[in-house]
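> So that we are looking at the same thing, I have put the structure below in structure tokens.
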Amino acid sequence: MTRRKLSLRLLSITRRVLPPLAASIVARVVFLMIGVCLFALGGWAVASLAAGTSAWSIPVIIVCAVVLSLLKGGARYLEQFAGHFVAFHCLAMLRNYFYDQLEPQAPAGTDRLDSGDIMNRVTKDIDRVEVFFAHTLAPVTTAVIVPILTLVWMGMTVSWAVAAVLGPFLVVVGAIIPFLGSSSTARAARELRDARGALAAHVTDSVQGVREVLAFGAQERREAEMDDIEAHIDSGLGIQGRWIALRRGLNQAAVAVGIVTVAMVAGSEYLGGALTLPQVGLAIGIAMGSFGPVLAVEEFAADLDQAFASAARVFAITDRAPAVADPANPVPLAPGDIVISDVTFAYPTDEDAPGPAPTVLDGVSIRIPAGKRTAIVGASGSGKSTLASLLTRTWDPASGTVTIGGTNVADASLTDLRSTVAYAPQRPYLFNDTLRANLLLAAPDATDEDLESALEAVDLTDWLATEKDGLDTVVGNMGERLSGGQRQRLALARALLRDAPIVVLDEATSQVDPATEARVREGIGRVAADSTIVEIAHRISAVRDADQIIVMDAGRVIETGTYAELHARGGALAALEARETDAQPRA
């Protein structure tokens, strides 16, 4: 995006809170004009007193200066208050906008995003955009308005010739010098924001994986990788710093030359009798005060580079198209048989990946009867979890349909679908909060009795009794205080609390021992007796009592039936079971 497009995009998103910005601009014009008046008053007073022509006494001049200073302070306060009111409300709106655009992309569109980099974009990058609202719009506007008013004032009270001399210096300081090297600093700003995002991601990985880093002695390697990222940050800061130093040095020189030139021209006209000495002092004072508004352009120019780079990083995420979206006219979804008809699917690949994406599901057709328990088994990579993702509409099939109760899930609203289908994944995410809070995520109105009943169904009540805080036990970051099996069972309890007519279990007990798994399955069968249960299984022995078993291999359905039927057939299920038996440790 160009800077113009980024600016219009930012203003479009935040336009509801922009009206106070006009008040900030007016207050800034008053503040800056009073600043020019103070310089002008000083120059005029000194020259008038020196010439002995002043009609004002020194106390009167002091009182005027004090009154103007107080008014200037009040205008400055109003400008800062209104400007930052707009800026901080705009930042809140941008964060809400970021989440609102990111949420429809999840989980399919967010799986490949780095959590540290995303956090950096929604916090640090959006914080950087504050420069655009609080320190750009008003200064840019006043950098045009105030110099024009100043030059008109000088022309009317001193000399249009002197004003004409001052004008080009104001243009050089406000419109030329601030943009020297702008392409280099803009490129450095983009690289700098990307590098800081990479640094945030690296630190997040290092903290979350600290046990692995220490266990494999990888501290020095991780630090070396971080040093490499920091070198890119240093490079970007160096480029920006050199251009900032050059521009500010040139500005100071231009201001000095401009004031001296105005003084020389005004002095020349004084010697020629065209101006009085107080007018010369007034001209010098106005010239000294007039550079403040245009010097502000360079002061925010470097930060503006990073603001635009940060805005571009934010929109790079928000503009991504969701993998699935709500239909324009959603159809109500009623529980019933699940029918998967001739479904083909391949995961999207990166743009630079060679060749077409490999097919994960190839012409899969399945009927899952309502109110029954169906197990889907197969070797790793056979497409079992992908099938579960299509049932929950994490992805849409490339061809074919998935229907529930005769309704294509793509025609139902995502909210309706997610209230109909509860999902317990193999690797659940637990928030760094209490057991109660993690369970209430599925059922906000559930009572403590409901929570304890769900925990009993997944065989967690004995463990809960050993925790002094009970349901208020904090599970830690990503549930690190729990074992892998406890995390899975807590996710199962959360899915059961949803009380959905369809429950999808994606290897949800893979980290639980067989004895505990049997108790958990008995509890699930009791609590969800009327639900349709679709279970992606990792142990054949655990799903022998399923009403239907579907065997998959290489993205195809190769067997369907009860355990007794498939075992007697001696086909794919029997082979999987034999492999499982051979893998068991022998006494």
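Following the order of the structure tokens, chains are lettered A, B, ..., residues in each are numbered from 1, and ligands are numbered from 1.
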Neighbours of range 372-383 of chain A within 9 Å (only C-alpha atoms; same-chain residues fewer than 6 positions away dropped), as a PDB file with C-alpha atoms, in the first residue's frame?

```
ATOM      1  CA  VAL A 360      -5.202 -35.500   1.530  1.00  0.00           C
ATOM      2  CA  LEU A 361      -8.750 -36.781   0.925  1.00  0.00           C
ATOM      3  CA  ALA A 529     -25.670 -40.967  25.452  1.00  0.00           C
ATOM      4  CA  ASP A 530     -28.018 -39.206  23.027  1.00  0.00           C
ATOM      5  CA  SER A 531     -25.284 -37.461  21.020  1.00  0.00           C
ATOM      6  CA  THR A 532     -23.679 -38.475  17.769  1.00  0.00           C
ATOM      7  CA  ILE A 533     -20.060 -39.271  18.626  1.00  0.00           C
ATOM      8  CA  VAL A 534     -17.415 -39.201  15.906  1.00  0.00           C
ATOM      9  CA  GLU A 535     -14.097 -40.424  17.272  1.00  0.00           C
ATOM     10  CA  ILE A 536     -10.734 -40.296  15.565  1.00  0.00           C
ATOM     11  CA  ALA A 537      -9.040 -43.196  17.348  1.00  0.00           C
ATOM     12  CA  HIS A 538      -5.413 -44.135  17.864  1.00  0.00           C
ATOM     13  CA  ARG A 539      -6.033 -47.501  19.520  1.00  0.00           C
ATOM     14  CA  ILE A 540      -8.241 -50.130  17.871  1.00  0.00           C
ATOM     15  CA  VAL A 543     -13.165 -48.561  19.822  1.00  0.00           C
ATOM     16  CA  ARG A 544     -14.239 -52.196  19.480  1.00  0.00           C
ATOM     17  CA  ASP A 545     -17.651 -51.345  20.906  1.00  0.00           C
ATOM     18  CA  ALA A 546     -18.313 -48.525  18.406  1.00  0.00           C
ATOM     19  CA  ASP A 547     -21.522 -48.817  16.380  1.00  0.00           C
ATOM     20  CA  GLN A 548     -19.504 -48.275  13.215  1.00  0.00           C
ATOM     21  CA  ILE A 549     -15.809 -48.293  12.405  1.00  0.00           C
ATOM     22  CA  ILE A 550     -14.431 -46.591   9.310  1.00  0.00           C
ATOM     23  CA  VAL A 551     -10.921 -47.512   8.194  1.00  0.00           C
ATOM     24  CA  MET A 552      -8.970 -44.978   6.140  1.00  0.00           C
ATOM     25  CA  ASP A 553      -5.712 -45.196   4.245  1.00  0.00           C
ATOM     26  CA  ALA A 554      -3.997 -42.639   2.001  1.00  0.00           C
ATOM     27  CA  GLY A 555      -7.025 -40.349   1.988  1.00  0.00           C
ATOM     28  CA  ARG A 556      -9.564 -43.028   1.058  1.00  0.00           C
ATOM     29  CA  ALA A 572      -7.198 -53.454   6.873  1.00  0.00           C
ATOM     30  CA  LEU A 573      -8.609 -53.274  10.405  1.00  0.00           C
ATOM     31  CA  LEU A 576      -3.883 -52.322  12.021  1.00  0.00           C
TER      32      LEU A 576
END
```
> Write out as a list in words which residues come within 8 Å of Trp243 in chain A when counting only C-alpha atoms, dropping same-chain ones fewer than 4 positions away.
Leu180, Gly181, Thr185, Ile239 and Arg247 of chain A
> Within range 217-438 of chain A, find each residue whose DSSP state, derived from the backbone, is strand (DSSP E or B), and express the selection as a PyMOL selection string.
chain A and resi 338-345+361-368+373-378+399-404+407-408+421-424+434
> What's the separation between CA of Gly470 in chain A and CA of Val512 in chain A, in Å to one decimal place?
21.8 Å
> Would you return as a ChimeraX atom specification the members of range 299-339 of chain A that DSSP assigns to alpha helix (DSSP H) on this structure's backbone?
/A:299-318
> Which is closer to Thr447 in chain A than all the others in A:Ile286, A:Leu497, A:Ile148, A:Ala346, using only C-alpha atoms?
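Going through A:Ile286, A:Leu497, A:Ile148, A:Ala346 one by one, the smallest distance to Thr447 in chain A is for A:Leu497.
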> Excluding Gly35 in chain A and any residue of its chain fewer than 3 positions from it, enumerate the residues within 8 Å of it, using only C-alpha atoms, and give them as a PyMOL selection string.
chain A and resi 31-32+38-39+72+289
> Tell me which of A:Ala442, A:Ile229, A:Ala65, A:Val297 sits closest to Val36 in chain A, counting only C-alpha atoms.
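Result for the nearest residue to Val36 in chain A: A:Ala65.
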